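Asker: The structure that follows is given in the form of structure tokens.
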Amino acid sequence: MTKEPIIHMKGIRKVYKTRGADLLAVSDVTMDVEDGDFVSLVGPSGCGKSTILKILADLHPHDGGTVHVGSESTPFDPSRDIGMVFQQSLLLKWRRIIDNVLLPAEIIGLPMKESRERARELLSMVGLSGYESHYPYELSGGMQQRASIARALIHDPKLVLMDEPFGALDALTREKMNLEIQRIWEASNKTILFVTHSIQEAVFLGSRCVVLTSGPARMADNFPIELPFPRGLSIKATPEFGAYTKKIYKLLDLDDSAEASAADRA
Ligand code: ADP
């Protein structure tokens, strides 16, 4: 039985009106995301990945094509059904960590007693028990990003959109966060759309991978990553993992030599 898609995009086009010429950021993107998938959206910087997430979160209008988030008959309410994690944690520096996590619950008016309990559970899930009363400046970059993941989950959204959430972290912290997010995805049964320009990260995390080419964003391919979960970091050394990264390098017109690994590290 095929599952119903939770995201349906067909022929999406987006033009930014700028002071100079109009900029075609997304030219023709078609994809479905199924409930429970972890979809990696990979492509070079500036190819339109963030724009696609913003269209899905209803933060930007699109100029052509059709988008359904949720189902056609019952579309998701972006503030209730979608959680977002950005490249920077964007925590409010004057609020304690738990109060930052509670912010979306306050905004949409969820009962505070239950939400506070859930915030504690989520902070524990992301490894921040004991830091509830700290302020953001007292946490490392990786810890702040984990708090922002807890904040994105506080209202129990069905869909989580992540826009290069680990791009600003050092390599080791980033690998730990990759393990963390995989664990959270498996434990919470959410659908996640994860934007990255790291090919390794895309293969490591995704149950499916969507590859976009240089701007304006066009689909190069959309395929399942059939490596078993849970995945440990050592999977990156396997030929099966290498075959997926090689496939993406090819799609992006890179090869799997020094040039390709330089692009992945960028
Ligand atoms: P990516 O996330 O893949 O790095 P973006 O979606 O952020 O790419 O950007 C795609 C293109 O659209 C880039 O050329 C960028 O400069 C342009 N762009 C993004 N946001 C805006 C905006 N608000 N106004 C004008 N141009 C924009």
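Residues in the structure tokens are named by chain (A, B, ... in the order shown) and by number from 1 within that chain; ligands are numbered from 1 in the order shown.
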Excluding stretch 187-196 of chain A and residues on its chain fewer than 2 positions from it, collect all residues at most 7 Å away from it, counting only C-alpha atoms, and give them as a PyMOL selection string.
Answerer: chain A and resi 35-42+49+158-164+183-185+198+202
Asker: For stretch 58-81 of chain A versus stretch 10-28 of chain A, which residues have an atom no more than 8 Å away, and what is each residue's nearest atom pair and distance in Å rounded to one decimal, using only C-alpha atoms, chain-then-number order, as a Markdown table?
Answerer:
```
| residue | atom | partner | partner_atom | distance |
| --- | --- | --- | --- | --- |
| A:Pro61 | CA | A:Lys14 | CA | 7.9 |
| A:His62 | CA | A:Lys14 | CA | 5.0 |
| A:Asp63 | CA | A:Lys14 | CA | 5.1 |
| A:Gly64 | CA | A:Arg13 | CA | 4.9 |
| A:Gly65 | CA | A:Ile12 | CA | 4.4 |
| A:Thr66 | CA | A:Lys10 | CA | 5.2 |
| A:Val67 | CA | A:Lys10 | CA | 6.5 |
```
Asker: Okay, now the selection with C-alpha atoms, as a short mmCIF file (atom, residue, chain, number, x, y, z; two decimals), in the first residue's frame?
Answerer:
```cif
data_model
loop_
_atom_site.label_atom_id
_atom_site.label_comp_id
_atom_site.auth_asym_id
_atom_site.auth_seq_id
_atom_site.Cartn_x
_atom_site.Cartn_y
_atom_site.Cartn_z
CA PRO A 61 4.64 32.75 -1.83
CA HIS A 62 5.52 30.81 -4.97
CA ASP A 63 4.95 32.00 -8.51
CA GLY A 64 3.96 28.82 -10.32
CA GLY A 65 3.05 25.19 -9.74
CA THR A 66 1.12 23.63 -6.87
CA VAL A 67 2.06 22.86 -3.25
#
```
Asker: Residues of stretch 133-265 of chain A classed as strand (DSSP E or B) by DSSP on the backbone are to be reported as a PyMOL selection string.
Answerer: chain A and resi 159-163+191-196+208-212+217-224
Asker: Keeping N, CA and C atoms for every residue in the selection just given, could you write it to a file as a PDB file, in the first residue's frame?
Answerer:
```
ATOM      1  N   LEU A 159       5.500  17.846  10.862  1.00  0.00           N
ATOM      2  CA  LEU A 159       6.574  18.003   9.880  1.00  0.00           C
ATOM      3  C   LEU A 159       7.635  18.948  10.449  1.00  0.00           C
ATOM      4  N   VAL A 160       8.912  18.564  10.324  1.00  0.00           N
ATOM      5  CA  VAL A 160       9.991  19.444  10.779  1.00  0.00           C
ATOM      6  C   VAL A 160      10.860  19.795   9.573  1.00  0.00           C
ATOM      7  N   LEU A 161      11.022  21.099   9.351  1.00  0.00           N
ATOM      8  CA  LEU A 161      11.846  21.588   8.242  1.00  0.00           C
ATOM      9  C   LEU A 161      13.152  22.091   8.831  1.00  0.00           C
ATOM     10  N   MET A 162      14.267  21.566   8.358  1.00  0.00           N
ATOM     11  CA  MET A 162      15.565  21.942   8.920  1.00  0.00           C
ATOM     12  C   MET A 162      16.441  22.531   7.823  1.00  0.00           C
ATOM     13  N   ASP A 163      16.870  23.775   8.031  1.00  0.00           N
ATOM     14  CA  ASP A 163      17.622  24.490   7.006  1.00  0.00           C
ATOM     15  C   ASP A 163      19.098  24.560   7.387  1.00  0.00           C
ATOM     16  N   THR A 191       8.102  13.477  10.255  1.00  0.00           N
ATOM     17  CA  THR A 191       8.615  13.621   8.895  1.00  0.00           C
ATOM     18  C   THR A 191       9.596  14.784   8.921  1.00  0.00           C
ATOM     19  N   ILE A 192      10.788  14.580   8.387  1.00  0.00           N
ATOM     20  CA  ILE A 192      11.798  15.647   8.417  1.00  0.00           C
ATOM     21  C   ILE A 192      12.277  15.928   6.998  1.00  0.00           C
ATOM     22  N   LEU A 193      12.319  17.212   6.666  1.00  0.00           N
ATOM     23  CA  LEU A 193      12.946  17.641   5.409  1.00  0.00           C
ATOM     24  C   LEU A 193      14.177  18.437   5.804  1.00  0.00           C
ATOM     25  N   PHE A 194      15.326  17.939   5.417  1.00  0.00           N
ATOM     26  CA  PHE A 194      16.603  18.414   5.950  1.00  0.00           C
ATOM     27  C   PHE A 194      17.458  18.957   4.814  1.00  0.00           C
ATOM     28  N   VAL A 195      17.670  20.270   4.825  1.00  0.00           N
ATOM     29  CA  VAL A 195      18.480  20.900   3.781  1.00  0.00           C
ATOM     30  C   VAL A 195      19.949  20.878   4.165  1.00  0.00           C
ATOM     31  N   THR A 196      20.797  20.493   3.228  1.00  0.00           N
ATOM     32  CA  THR A 196      22.233  20.501   3.502  1.00  0.00           C
ATOM     33  C   THR A 196      22.987  20.676   2.191  1.00  0.00           C
ATOM     34  N   ARG A 208      15.611   9.147   2.193  1.00  0.00           N
ATOM     35  CA  ARG A 208      15.456   9.495   0.773  1.00  0.00           C
ATOM     36  C   ARG A 208      16.294  10.738   0.522  1.00  0.00           C
ATOM     37  N   CYS A 209      16.741  10.904  -0.702  1.00  0.00           N
ATOM     38  CA  CYS A 209      17.586  12.058  -1.016  1.00  0.00           C
ATOM     39  C   CYS A 209      17.064  12.736  -2.285  1.00  0.00           C
ATOM     40  N   VAL A 210      16.906  14.038  -2.188  1.00  0.00           N
ATOM     41  CA  VAL A 210      16.522  14.822  -3.360  1.00  0.00           C
ATOM     42  C   VAL A 210      17.720  15.687  -3.720  1.00  0.00           C
ATOM     43  N   VAL A 211      18.189  15.570  -4.951  1.00  0.00           N
ATOM     44  CA  VAL A 211      19.371  16.324  -5.381  1.00  0.00           C
ATOM     45  C   VAL A 211      18.916  17.452  -6.295  1.00  0.00           C
ATOM     46  N   LEU A 212      19.373  18.666  -5.955  1.00  0.00           N
ATOM     47  CA  LEU A 212      19.045  19.839  -6.776  1.00  0.00           C
ATOM     48  C   LEU A 212      20.306  20.341  -7.450  1.00  0.00           C
ATOM     49  N   ALA A 217      16.981  26.340  -8.832  1.00  0.00           N
ATOM     50  CA  ALA A 217      16.848  24.942  -8.417  1.00  0.00           C
ATOM     51  C   ALA A 217      16.033  24.132  -9.420  1.00  0.00           C
ATOM     52  N   ARG A 218      16.636  23.057  -9.854  1.00  0.00           N
ATOM     53  CA  ARG A 218      15.945  22.058 -10.668  1.00  0.00           C
ATOM     54  C   ARG A 218      16.259  20.712 -10.069  1.00  0.00           C
ATOM     55  N   MET A 219      15.323  19.775 -10.178  1.00  0.00           N
ATOM     56  CA  MET A 219      15.544  18.440  -9.638  1.00  0.00           C
ATOM     57  C   MET A 219      16.523  17.682 -10.508  1.00  0.00           C
ATOM     58  N   ALA A 220      17.559  17.129  -9.893  1.00  0.00           N
ATOM     59  CA  ALA A 220      18.459  16.255 -10.644  1.00  0.00           C
ATOM     60  C   ALA A 220      18.044  14.801 -10.422  1.00  0.00           C
ATOM     61  N   ASP A 221      17.634  14.472  -9.176  1.00  0.00           N
ATOM     62  CA  ASP A 221      17.184  13.102  -8.905  1.00  0.00           C
ATOM     63  C   ASP A 221      16.504  13.059  -7.530  1.00  0.00           C
ATOM     64  N   ASN A 222      15.797  11.980  -7.297  1.00  0.00           N
ATOM     65  CA  ASN A 222      15.065  11.783  -6.046  1.00  0.00           C
ATOM     66  C   ASN A 222      15.027  10.271  -5.828  1.00  0.00           C
ATOM     67  N   PHE A 223      15.772   9.778  -4.837  1.00  0.00           N
ATOM     68  CA  PHE A 223      15.900   8.317  -4.712  1.00  0.00           C
ATOM     69  C   PHE A 223      15.977   7.913  -3.237  1.00  0.00           C
ATOM     70  N   PRO A 224      15.574   6.667  -2.919  1.00  0.00           N
ATOM     71  CA  PRO A 224      15.689   6.194  -1.540  1.00  0.00           C
ATOM     72  C   PRO A 224      17.135   5.861  -1.202  1.00  0.00           C
TER      73      PRO A 224
END
```
Asker: So, counting only C-alpha atoms and all ligand atoms, which residue among A:Ile235, A:Met9, A:Ile52, A:Met31 is closest to ligand 1?
Answerer: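 With only C-alpha atoms and all ligand atoms as the atom set, the closest residue is A:Ile52.
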Asker: Fewer than 3 positions away in the same chain doesn't count, so skip those; otherwise give me all residues within 9 Å of A:Asp156, counting only C-alpha atoms, as an mmCIF file with all heavy atoms, in the first residue's frame.
Answerer:
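Written output follows (selection_37.cif):
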```
data_model
loop_
_atom_site.group_PDB
_atom_site.id
_atom_site.type_symbol
_atom_site.label_atom_id
_atom_site.label_comp_id
_atom_site.auth_asym_id
_atom_site.auth_seq_id
_atom_site.Cartn_x
_atom_site.Cartn_y
_atom_site.Cartn_z
ATOM 1 N N ARG A 80 1.112 25.461 13.671
ATOM 2 C CA ARG A 80 0.821 24.330 14.574
ATOM 3 C C ARG A 80 1.442 23.021 14.108
ATOM 4 O O ARG A 80 1.853 22.198 14.914
ATOM 5 C CB ARG A 80 -0.701 24.108 14.679
ATOM 6 C CG ARG A 80 -1.346 25.159 15.516
ATOM 7 C CD ARG A 80 -2.843 24.996 15.623
ATOM 8 N NE ARG A 80 -3.349 26.112 16.404
ATOM 9 C CZ ARG A 80 -3.461 26.099 17.717
ATOM 10 N NH1 ARG A 80 -3.145 25.031 18.401
ATOM 11 N NH2 ARG A 80 -3.898 27.160 18.366
ATOM 12 N N ASP A 81 1.456 22.819 12.802
ATOM 13 C CA ASP A 81 1.818 21.490 12.293
ATOM 14 C C ASP A 81 3.248 21.403 11.770
ATOM 15 O O ASP A 81 3.704 20.329 11.389
ATOM 16 C CB ASP A 81 0.851 21.083 11.159
ATOM 17 C CG ASP A 81 -0.582 20.999 11.648
ATOM 18 O OD1 ASP A 81 -0.787 20.528 12.774
ATOM 19 O OD2 ASP A 81 -1.493 21.418 10.913
ATOM 20 N N ILE A 82 3.925 22.564 11.697
ATOM 21 C CA ILE A 82 5.292 22.575 11.150
ATOM 22 C C ILE A 82 6.238 23.164 12.192
ATOM 23 O O ILE A 82 5.918 24.168 12.840
ATOM 24 C CB ILE A 82 5.364 23.394 9.843
ATOM 25 C CG1 ILE A 82 4.439 22.788 8.779
ATOM 26 C CG2 ILE A 82 6.802 23.467 9.325
ATOM 27 C CD1 ILE A 82 4.409 23.525 7.456
ATOM 28 N N GLY A 83 7.399 22.520 12.370
ATOM 29 C CA GLY A 83 8.463 23.073 13.211
ATOM 30 C C GLY A 83 9.628 23.419 12.308
ATOM 31 O O GLY A 83 9.870 22.727 11.317
ATOM 32 N N ALA A 152 11.681 23.461 18.231
ATOM 33 C CA ALA A 152 10.931 23.127 17.004
ATOM 34 C C ALA A 152 9.942 21.985 17.230
ATOM 35 O O ALA A 152 9.024 21.794 16.446
ATOM 36 C CB ALA A 152 11.899 22.756 15.886
ATOM 37 N N LEU A 153 10.166 21.199 18.317
ATOM 38 C CA LEU A 153 9.305 20.026 18.556
ATOM 39 C C LEU A 153 8.262 20.257 19.649
ATOM 40 O O LEU A 153 7.427 19.389 19.887
ATOM 41 C CB LEU A 153 10.177 18.817 18.946
ATOM 42 C CG LEU A 153 11.209 18.350 17.906
ATOM 43 C CD1 LEU A 153 12.088 17.248 18.499
ATOM 44 C CD2 LEU A 153 10.516 17.859 16.642
ATOM 45 N N LEU A 159 5.500 17.846 10.862
ATOM 46 C CA LEU A 159 6.574 18.003 9.880
ATOM 47 C C LEU A 159 7.635 18.948 10.449
ATOM 48 O O LEU A 159 7.292 19.992 11.012
ATOM 49 C CB LEU A 159 5.968 18.617 8.605
ATOM 50 C CG LEU A 159 6.914 19.052 7.503
ATOM 51 C CD1 LEU A 159 7.620 17.846 6.881
ATOM 52 C CD2 LEU A 159 6.135 19.810 6.409
ATOM 53 N N LYS A 190 8.624 11.566 13.304
ATOM 54 C CA LYS A 190 8.245 12.767 12.541
ATOM 55 C C LYS A 190 8.670 12.616 11.087
ATOM 56 O O LYS A 190 9.533 11.803 10.763
ATOM 57 C CB LYS A 190 8.989 13.997 13.080
ATOM 58 C CG LYS A 190 8.803 14.253 14.537
ATOM 59 C CD LYS A 190 7.626 15.142 14.766
ATOM 60 C CE LYS A 190 7.311 15.302 16.212
ATOM 61 N NZ LYS A 190 5.900 15.174 16.493
#
```
Asker: At a cut-off of 12 Å, using only C-alpha atoms, what residues contact stretch 107-110 of chain A? Leave out same-chain residues fewer than 3 positions from it and give the result as JSON, numbers by chain.
Answerer: {"A": [77, 78, 79, 80, 81, 99, 100, 101, 102, 103, 104, 113, 114, 115, 116, 118, 154, 155, 156]}
Asker: Would you mind reading off the distance between atom 1 (P, counted along the ligand's line) of ligand 1 and atom CA of A:Arg231, one decimal, in Å?
Answerer: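 Atom-to-atom, atom 1 (P, counted along the ligand's line) of ligand 1 and atom CA of A:Arg231 are spaced 26.7 Å apart.
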Asker: From the options A:Val29, A:Leu139, A:Cys47, A:Ala147, which residue's atoms come nearest to ligand 1, counting only C-alpha atoms and all ligand atoms?
Answerer: A:Cys47
Asker: Excluding A:Glu34 and residues on its chain fewer than 4 positions from it, collect all residues at most 9 Å away from it, counting only C-alpha atoms, and give them as a list in words.
Answerer: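 Close residues of A:Glu34: Lys3, Glu4, Pro5, Ile6, Ile7, His8, Phe38 and Thr191 of chain A.
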Asker: Selection from above, N, CA and C atoms, as a PDB file, in the first residue's frame, can you write it?
Answerer:
```pdb
ATOM      1  N   LYS A   3       1.874   5.033   0.815  1.00  0.00           N
ATOM      2  CA  LYS A   3       1.477   5.990   1.838  1.00  0.00           C
ATOM      3  C   LYS A   3       1.095   7.308   1.166  1.00  0.00           C
ATOM      4  N   GLU A   4       0.223   8.062   1.836  1.00  0.00           N
ATOM      5  CA  GLU A   4      -0.163   9.361   1.281  1.00  0.00           C
ATOM      6  C   GLU A   4       0.963  10.364   1.500  1.00  0.00           C
ATOM      7  N   PRO A   5       1.306  11.159   0.457  1.00  0.00           N
ATOM      8  CA  PRO A   5       2.379  12.139   0.683  1.00  0.00           C
ATOM      9  C   PRO A   5       1.944  13.222   1.669  1.00  0.00           C
ATOM     10  N   ILE A   6       2.892  13.651   2.486  1.00  0.00           N
ATOM     11  CA  ILE A   6       2.622  14.725   3.448  1.00  0.00           C
ATOM     12  C   ILE A   6       3.016  16.063   2.814  1.00  0.00           C
ATOM     13  N   ILE A   7       3.909  15.974   1.806  1.00  0.00           N
ATOM     14  CA  ILE A   7       4.259  17.158   1.005  1.00  0.00           C
ATOM     15  C   ILE A   7       4.091  16.765  -0.456  1.00  0.00           C
ATOM     16  N   HIS A   8       3.390  17.623  -1.177  1.00  0.00           N
ATOM     17  CA  HIS A   8       3.248  17.389  -2.611  1.00  0.00           C
ATOM     18  C   HIS A   8       3.595  18.708  -3.313  1.00  0.00           C
ATOM     19  N   PHE A  38      12.609  10.760   6.159  1.00  0.00           N
ATOM     20  CA  PHE A  38      13.652  11.747   6.447  1.00  0.00           C
ATOM     21  C   PHE A  38      14.258  12.075   5.092  1.00  0.00           C
ATOM     22  N   THR A 191       8.102  13.477  10.255  1.00  0.00           N
ATOM     23  CA  THR A 191       8.615  13.621   8.895  1.00  0.00           C
ATOM     24  C   THR A 191       9.596  14.784   8.921  1.00  0.00           C
TER      25      THR A 191
END
```
